[in-house]
Amino acid sequence: PTANLPQGADQQKMNLPLTDISKYAISCEPHVNSFIDTILSYYHNPSSLTSLSSFSLSHGYVYSDPFLSGLWIAFIIGVVVFIVSEITQNFSQIDKLWSILPPMFAVHFLLHSYFHSEKIPTRVVIMVSLIVLWGFRLTFNYARKGGYKWSAEDYRWNYVKSLAPAIFFHLLNITFISFIQSYLLFAMAWPVYIALIVGDRVPLNWLDFFSAGLFIVCLVTETIADQQQWNFQQAKHKAIANKKSKKIPAKYEKGFITEGFFAYSRHPNFLAEQTLWFSVYLFSVAATGQFLNWSIVGFFTLWLVFQGSTPLTEWISAGKYPEYKNYMKNVGRLFPNFFPSG
């Protein structure tokens, strides 16, 4: 389905002026329209799907624009996630892919450059390397908490399901959980596509180095914060297991961590994560010289997700731990609270 561009058609885009690359209507919209038209054609003529072969698919992957083939990959992932989640009634299938898909899509763009160029742009190599490093860290942290167990499910979904009718949750699954998140994880890698189109005609500059430095600072910050959270939870559960022989220390009895980074921010890992992906977007700014370009959609959508999930997390915590509301008054959600009220 992605083989409707002649070989080298996407290479022509690499000669576009930088201001045009930043414009959605020029460097992105044609692929979105092509994708939608093909989806509609298959919908109206499903029998045409039988003409697809492994050769046509592999040929289409190699020779079509990587943004267009990425749209198809994200769509297929959304379909699979939706089917599996409905069959198992476990709606955290996409959660298992959060640390995997952004690096995969970043490598997807890099591979396209490898297939068609003598040299992979330096900026692309740096971006992909950083995103893959992020993926390894998050995968490790998710795995040690048991996230990849078949039965593992985000505890927040049970609260949502208890508050909403079943039909609403199925609609939520086919929209946000399965498909929107699949495309969000693709969109997080879109700045790499911008860097790919620009190539090496814009050399690395101060903003690239700033972005890389900011990324690393955020990666280290969330690594430390997650480790502090892990250490606290492990010690808490051990103290609870030994409560018959020893009194549970006060800091574990209240149930949540308030030391380390968490003494200054209730969610230092959330702050670091959002800032990290903004630093990825800044690479596209360094490449184009345009502060605003369409690849910001990935970061902005991620930010919106955090605006919904963080209050839900805190609402659950406040109901579970009596002292959490006082903690909220004294410590800022993301940034330090210089004027505590409790």
# chains A, B, ... in the order shown; residues from 1 in each chain; ligands from 1
call {"tool": "residues_around", "arguments": {"residues": "range 199-208 of chain A", "least_positions_apart": "2", "cutoff": "12 Å", "atoms": "only C-alpha atoms", "output": "count of residues only"}}
result
47
call {"tool": "closest_atom_pairs", "arguments": {"of": "range 256-305 of chain A", "to": "range 224-232 of chain A", "cutoff": "7 Å", "atoms": "only C-alpha atoms", "output": "Markdown table"}}
result
| residue | atom | partner | partner_atom | distance |
| --- | --- | --- | --- | --- |
| A:Ile257 | CA | A:Phe232 | CA | 6.5 |
| A:Phe261 | CA | A:Ala225 | CA | 6.3 |
| A:Pro268 | CA | A:Ala225 | CA | 6.5 |
| A:Asn269 | CA | A:Ala225 | CA | 5.8 |
call {"tool": "closest_residue", "arguments": {"among": "A:Ser34, A:Ser99, A:Ser48, A:Ser92", "to": "Ser69 in chain A", "atoms": "only C-alpha atoms"}}
result
A:Ser34
call {"tool": "closest_atom_pairs", "arguments": {"of": "range 31-118 of chain A", "to": "range 154-169 of chain A", "cutoff": "10 Å", "atoms": "only C-alpha atoms", "output": "Markdown table"}}
result
| residue | atom | partner | partner_atom | distance |
| --- | --- | --- | --- | --- |
| A:Asn90 | CA | A:Asp154 | CA | 9.0 |
| A:Phe91 | CA | A:Trp157 | CA | 7.5 |
| A:Ser92 | CA | A:Asp154 | CA | 6.0 |
| A:Gln93 | CA | A:Asp154 | CA | 9.6 |
| A:Asp95 | CA | A:Asp154 | CA | 8.0 |
call {"tool": "write_last_selection", "arguments": {"atoms": "N, CA, C and O atoms", "output": "short mmCIF file (atom, residue, chain, number, x, y, z; two decimals), in the first residue's frame"}}
result
data_model
loop_
_atom_site.label_atom_id
_atom_site.label_comp_id
_atom_site.auth_asym_id
_atom_site.auth_seq_id
_atom_site.Cartn_x
_atom_site.Cartn_y
_atom_site.Cartn_z
N ASN A 90 -7.65 -6.83 28.66
CA ASN A 90 -6.52 -6.16 29.30
C ASN A 90 -6.16 -4.97 28.42
O ASN A 90 -5.70 -5.16 27.28
N PHE A 91 -6.36 -3.76 28.93
CA PHE A 91 -6.24 -2.58 28.10
C PHE A 91 -4.89 -1.89 28.23
O PHE A 91 -4.75 -0.72 27.88
N SER A 92 -3.90 -2.62 28.70
CA SER A 92 -2.54 -2.09 28.80
C SER A 92 -1.61 -2.69 27.75
O SER A 92 -0.39 -2.67 27.92
N GLN A 93 -2.17 -3.22 26.67
CA GLN A 93 -1.32 -3.80 25.62
C GLN A 93 -0.42 -2.72 25.00
O GLN A 93 0.76 -2.95 24.73
N ASP A 95 0.61 -0.09 26.48
CA ASP A 95 1.59 0.34 27.48
C ASP A 95 2.89 -0.44 27.33
O ASP A 95 3.97 0.09 27.58
#
call {"tool": "residues_around", "arguments": {"residues": "Asn330 in chain A", "least_positions_apart": "4", "cutoff": "12 Å", "atoms": "only C-alpha atoms", "output": "mmCIF file with N, CA, C and O atoms, in the first residue's frame"}}
result
data_model
loop_
_atom_site.group_PDB
_atom_site.id
_atom_site.type_symbol
_atom_site.label_atom_id
_atom_site.label_comp_id
_atom_site.auth_asym_id
_atom_site.auth_seq_id
_atom_site.Cartn_x
_atom_site.Cartn_y
_atom_site.Cartn_z
ATOM 1 N N THR A 258 8.561 10.808 49.773
ATOM 2 C CA THR A 258 8.628 12.270 49.893
ATOM 3 C C THR A 258 10.073 12.737 50.046
ATOM 4 O O THR A 258 10.315 13.860 50.485
ATOM 5 N N PHE A 262 11.702 13.703 45.134
ATOM 6 C CA PHE A 262 10.280 13.821 45.446
ATOM 7 C C PHE A 262 10.014 14.783 46.609
ATOM 8 O O PHE A 262 8.861 15.066 46.923
ATOM 9 N N ALA A 263 11.074 15.299 47.205
ATOM 10 C CA ALA A 263 10.907 16.334 48.215
ATOM 11 C C ALA A 263 10.671 17.695 47.561
ATOM 12 O O ALA A 263 10.211 18.641 48.213
ATOM 13 N N TYR A 264 10.964 17.801 46.281
ATOM 14 C CA TYR A 264 10.857 19.070 45.553
ATOM 15 C C TYR A 264 9.799 19.027 44.449
ATOM 16 O O TYR A 264 9.298 20.071 44.029
ATOM 17 N N SER A 265 9.493 17.839 43.974
ATOM 18 C CA SER A 265 8.499 17.672 42.917
ATOM 19 C C SER A 265 7.742 16.375 43.176
ATOM 20 O O SER A 265 8.348 15.352 43.490
ATOM 21 N N ARG A 266 6.417 16.434 43.050
ATOM 22 C CA ARG A 266 5.638 15.210 43.266
ATOM 23 C C ARG A 266 5.861 14.205 42.138
ATOM 24 O O ARG A 266 5.685 13.002 42.325
ATOM 25 N N GLU A 323 -2.335 11.141 53.924
ATOM 26 C CA GLU A 323 -1.411 12.267 54.013
ATOM 27 C C GLU A 323 -1.059 12.881 52.659
ATOM 28 O O GLU A 323 -0.344 13.878 52.597
ATOM 29 N N TYR A 324 -1.570 12.283 51.597
ATOM 30 C CA TYR A 324 -1.155 12.743 50.267
ATOM 31 C C TYR A 324 -1.663 14.163 49.958
ATOM 32 O O TYR A 324 -0.970 14.947 49.303
ATOM 33 N N LYS A 325 -2.844 14.489 50.436
ATOM 34 C CA LYS A 325 -3.379 15.837 50.174
ATOM 35 C C LYS A 325 -2.508 16.918 50.800
ATOM 36 O O LYS A 325 -2.316 17.987 50.211
ATOM 37 N N ASN A 326 -1.971 16.643 51.966
ATOM 38 C CA ASN A 326 -1.072 17.605 52.606
ATOM 39 C C ASN A 326 0.235 17.712 51.817
ATOM 40 O O ASN A 326 0.815 18.795 51.696
ATOM 41 N N PHE A 335 7.098 21.379 39.423
ATOM 42 C CA PHE A 335 8.151 22.318 39.836
ATOM 43 C C PHE A 335 8.105 22.564 41.340
ATOM 44 O O PHE A 335 7.040 22.427 41.960
ATOM 45 N N PRO A 336 9.237 22.919 41.930
ATOM 46 C CA PRO A 336 9.259 23.187 43.378
ATOM 47 C C PRO A 336 8.230 24.246 43.755
ATOM 48 O O PRO A 336 8.014 25.223 43.025
ATOM 49 N N ASN A 337 7.600 24.042 44.903
ATOM 50 C CA ASN A 337 6.606 24.972 45.431
ATOM 51 C C ASN A 337 7.291 25.886 46.442
ATOM 52 O O ASN A 337 7.639 25.450 47.540
ATOM 53 N N PHE A 338 7.485 27.139 46.063
ATOM 54 C CA PHE A 338 8.185 28.086 46.948
ATOM 55 C C PHE A 338 7.250 28.725 47.970
ATOM 56 O O PHE A 338 7.701 29.461 48.847
ATOM 57 N N PHE A 339 5.952 28.439 47.819
ATOM 58 C CA PHE A 339 4.988 29.012 48.761
ATOM 59 C C PHE A 339 4.028 27.928 49.247
ATOM 60 O O PHE A 339 2.839 27.929 48.910
ATOM 61 N N PRO A 340 4.534 26.969 50.035
ATOM 62 C CA PRO A 340 3.682 25.888 50.543
ATOM 63 C C PRO A 340 2.548 26.432 51.414
ATOM 64 O O PRO A 340 2.721 27.418 52.115
ATOM 65 N N SER A 341 1.396 25.737 51.350
ATOM 66 C CA SER A 341 0.218 26.235 52.080
ATOM 67 C C SER A 341 -0.155 25.340 53.244
ATOM 68 O O SER A 341 -1.158 25.593 53.923
ATOM 69 N N GLY A 342 0.619 24.277 53.464
ATOM 70 C CA GLY A 342 0.233 23.378 54.550
ATOM 71 C C GLY A 342 1.410 23.028 55.428
ATOM 72 O O GLY A 342 2.536 23.372 55.168
#
call {"tool": "select_by_dssp", "arguments": {"residues": "range 125-214 of chain A", "states": "helix (DSSP H, G or I)", "output": "PyMOL selection string"}}
result
chain A and resi 125-144+155-163+166-187+190-201+206-214
